[in-house]
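Quick notes on the structure that follows.
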Amino acid sequence: MLAGAAFADGHAKLSGDLVIFSDMSNPAPRAVMEGMVARFGEQHPDLDIALTVIDREAYKTQIRNFLTADAPDVANWYAANRMRPYVDAGLFEDVSDVWEGKLSEELASTKGAMTLDGKQWGVPYTYYQWGVYYRKDIYEELGLSEPTNWEEFKANCQAVLDSGKKCFTLGSKFLWTAAGWFDYLNMRTNGYQFHADLTAGKVEWTDERVKATFANWKELVDMGAFIDDHTAYSWQESLPFMTNGDAAAILKGNFAVAPLREAGLDDSKLDFHQFPAINGDVELAEDAPTDTFHIPANAKNKDNARAFLKFVASAENQTIINAGDALGQLPVNNKSSVDDDKFLLEGFEMLSNNATGGVAQFFDRDAPAEMAKVAMEGFQEFMVKPDELDRILSKLERARGRIYR
């Protein structure tokens with residue numbers, strides 16, 4: 001009889017209820033969510049699944065209320081410090097048991113981002129890479145190759161400047177793009193754990209290690225690496241500098257590929273490389289914003305929820321939901337297959353095999369919203385007035401003392 005309680009495909013037979021709340025409200029993600037629930041339901045025909053999709057922005061304001069008052073069994077959210085308030089409040093379930101065995105190896109790139117206090121609090125289902133997208137044809141024209149260290153990175157930049165172009169386009173009008181530069185420079189200078197501690201409020205902004213990050217950044221600013229007047233542009237408005245050949249590269253997430261291709265940069269002109277090492281003593285960590293599923297601590301059907309999380313994290317499911325005709329992003333499971341797209345393949349290889357330092361979520365996800373705003377204003381100001389660093393860092397440190405009390 002026990003043997004009869006499982007399907008031939010090895011899935012334990014589930015019954016009862018499963019209530020899922022999701023923020024995947026845009027058309028393509030919603031279709032992905034509905035399809036995922038349908039496939040899980042086919043495996044468990046005796047399970048009554050209720051899916052509620054909530055507008056993404058409304059979800060952010062409602063999540064604490066529904067986790068507290070009438071919790072679903074599964075809920076969408078984000079990794080790392082974005083989940084900390086709900087972990088600290090006892091509103092997310094410890095799901096370390098879900099990670100036991102092969103899943104821990106298959107999801108290794110994000111285990112750090114899903115871990116707080118030595119325990120795992122959810123599972124990831126999608127992410128995407130950040131890195132340097134560059135004009136391959138310009139590099140070839142100048143005889144440049146992809147840099148593997150800081151000295152090569154700066155040497156390439158100098159060669160680009162000598163040719164009359166800028167090294168990097170940047171639109172810092174809306175602040176967060178400058179935070180991408182801080183993330184990479186800080187993780188390459190001091191490592192992932194230091195970066196995580198800084199965004200968690202455990203490190204002073206006036207710390208000498210933070211100043212070392214800005215010293216590296218100042219080298220690029222002083223060279224004139226970035227386009228002029230970048231504070232006037234959104235990131236989209238900064239792209240023509242690259243497509244017109246006035247700038248050679250951009251540090252951005254993979255979402256930049258589609259508009260660059262639409263503007264005429266095919267794969268013979270556009271390429272990608274990982275942000276190179278600065279400090280050889282720290283392992284390479286990456287920005288890879290990660291979307292997640294969690295079990296609320298007040299859920300009523302936790303066994304069914306755990307089974308759903310294992311299904312979500314499986315290699316087969318992550319292949320399906322991240323395909324080009326679905327989310328068009330990267331599966332976290334390193335046994336998944338990736339769409340035959342040049343940049344998705346490069347990103348998957350990098351995050352699966354060459355991000356041993358850890359995966360950050362991006363500054364404005366890793367830091368509390370109020371701290372992120374103050375810090376990102378400081379990053380933008382530093383790029384315009386690099387000699388005022390001490391004043392800027394003092395301001396950030398005062399904010400840290402106020403915000404993390």
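In the structure tokens, chains take letters A, B, ... by order of appearance, with residues numbered from 1 within each chain and ligands from 1 in the order shown.
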
Please give the complete set of residues from region 171-364 of chain A that DSSP, run on the backbone, assigns to strand (DSSP E), formatted as number ranges by chain. A: 247-253, 270-273, 285-287, 290-294, 358-360

Quick one: everything within 12 Å of Asp266 (chain A), counting only C-alpha atoms, minus sequence neighbours fewer than 3 positions away in the same chain. Send it as JSON, numbers by chain. {"A": [134, 135, 136, 137, 243, 257, 258, 259, 260, 261, 262, 263, 269, 270, 271, 342, 343]}

Serialized selection, N, CA and C atoms, as a PDB file, in the first residue's frame:
ATOM      1  N   TYR A 134      30.168  44.769 -24.010  1.00  0.00           N
ATOM      2  CA  TYR A 134      31.101  45.654 -24.700  1.00  0.00           C
ATOM      3  C   TYR A 134      31.002  45.508 -26.215  1.00  0.00           C
ATOM      4  N   ARG A 135      31.498  46.551 -26.891  1.00  0.00           N
ATOM      5  CA  ARG A 135      31.536  46.570 -28.352  1.00  0.00           C
ATOM      6  C   ARG A 135      32.709  45.708 -28.825  1.00  0.00           C
ATOM      7  N   LYS A 136      32.395  44.504 -29.227  1.00  0.00           N
ATOM      8  CA  LYS A 136      33.413  43.552 -29.671  1.00  0.00           C
ATOM      9  C   LYS A 136      34.205  44.098 -30.851  1.00  0.00           C
ATOM     10  N   ASP A 137      33.514  44.786 -31.762  1.00  0.00           N
ATOM     11  CA  ASP A 137      34.188  45.303 -32.949  1.00  0.00           C
ATOM     12  C   ASP A 137      35.181  46.409 -32.587  1.00  0.00           C
ATOM     13  N   THR A 243      25.759  52.375 -28.809  1.00  0.00           N
ATOM     14  CA  THR A 243      25.356  51.917 -30.141  1.00  0.00           C
ATOM     15  C   THR A 243      25.960  52.788 -31.240  1.00  0.00           C
ATOM     16  N   VAL A 257      20.476  43.667 -23.102  1.00  0.00           N
ATOM     17  CA  VAL A 257      20.806  43.046 -24.390  1.00  0.00           C
ATOM     18  C   VAL A 257      19.735  43.331 -25.439  1.00  0.00           C
ATOM     19  N   ALA A 258      18.476  43.161 -25.078  1.00  0.00           N
ATOM     20  CA  ALA A 258      17.404  43.338 -26.069  1.00  0.00           C
ATOM     21  C   ALA A 258      17.417  44.733 -26.692  1.00  0.00           C
ATOM     22  N   PRO A 259      17.459  45.836 -25.899  1.00  0.00           N
ATOM     23  CA  PRO A 259      17.498  47.151 -26.549  1.00  0.00           C
ATOM     24  C   PRO A 259      18.779  47.404 -27.341  1.00  0.00           C
ATOM     25  N   LEU A 260      19.903  46.831 -26.916  1.00  0.00           N
ATOM     26  CA  LEU A 260      21.135  46.998 -27.683  1.00  0.00           C
ATOM     27  C   LEU A 260      21.037  46.275 -29.027  1.00  0.00           C
ATOM     28  N   ARG A 261      20.446  45.090 -29.000  1.00  0.00           N
ATOM     29  CA  ARG A 261      20.247  44.365 -30.266  1.00  0.00           C
ATOM     30  C   ARG A 261      19.273  45.116 -31.172  1.00  0.00           C
ATOM     31  N   GLU A 262      18.202  45.617 -30.568  1.00  0.00           N
ATOM     32  CA  GLU A 262      17.206  46.355 -31.358  1.00  0.00           C
ATOM     33  C   GLU A 262      17.807  47.598 -31.994  1.00  0.00           C
ATOM     34  N   ALA A 263      18.837  48.145 -31.365  1.00  0.00           N
ATOM     35  CA  ALA A 263      19.499  49.346 -31.894  1.00  0.00           C
ATOM     36  C   ALA A 263      20.565  49.019 -32.931  1.00  0.00           C
ATOM     37  N   LYS A 269      28.983  42.345 -33.001  1.00  0.00           N
ATOM     38  CA  LYS A 269      29.410  43.633 -32.457  1.00  0.00           C
ATOM     39  C   LYS A 269      29.290  43.717 -30.940  1.00  0.00           C
ATOM     40  N   LEU A 270      28.500  42.826 -30.345  1.00  0.00           N
ATOM     41  CA  LEU A 270      28.237  42.894 -28.907  1.00  0.00           C
ATOM     42  C   LEU A 270      28.735  41.631 -28.231  1.00  0.00           C
ATOM     43  N   ASP A 271      29.450  41.796 -27.127  1.00  0.00           N
ATOM     44  CA  ASP A 271      29.942  40.654 -26.372  1.00  0.00           C
ATOM     45  C   ASP A 271      29.861  40.957 -24.884  1.00  0.00           C
ATOM     46  N   LYS A 342      23.314  33.480 -26.848  1.00  0.00           N
ATOM     47  CA  LYS A 342      24.716  33.725 -26.520  1.00  0.00           C
ATOM     48  C   LYS A 342      24.913  34.255 -25.097  1.00  0.00           C
ATOM     49  N   PHE A 343      24.126  35.260 -24.723  1.00  0.00           N
ATOM     50  CA  PHE A 343      24.362  35.915 -23.448  1.00  0.00           C
ATOM     51  C   PHE A 343      23.786  35.128 -22.272  1.00  0.00           C
TER      52      PHE A 343
END

Length of the CA of Gly264 (chain A) to CA of Tyr128 (chain A) vector [Å]: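 A separation of 22.6 Å between them.
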
Which neighbours of Ile227 (chain A) fall inside 10 Å, counting only C-alpha atoms, when residues of the same chain fewer than 6 positions from it are skipped, and could you give them as a PyMOL selection string? chain A and resi 165-171+221+238+241+246-247

Which of A:Gln361, A:Asn279, A:Ser163, A:Asn186 sits closest to Pro124 (chain A) [using only C-alpha atoms]: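 When distances to Pro124 (chain A) are compared using only C-alpha atoms, the smallest one comes from A:Gln361.
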
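Among the candidates A:Val282, A:Ile403, A:Ile138, A:Ala297, the one nearest to Pro72 (chain A) when counting only C-alpha atoms is A:Ala297.
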
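Using only C-alpha atoms for every distance, the candidate list A:Leu327, A:Arg400, A:Ala285, A:Leu239 yields A:Leu327 as the residue closest to Asn26 (chain A).
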
Under the rule that only C-alpha atoms are counted, which of A:Phe379, A:Val203, A:Pro276, A:Gly357 is the nearest residue to Glu397 (chain A)?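 Smallest separation from Glu397 (chain A) among the options: A:Val203.
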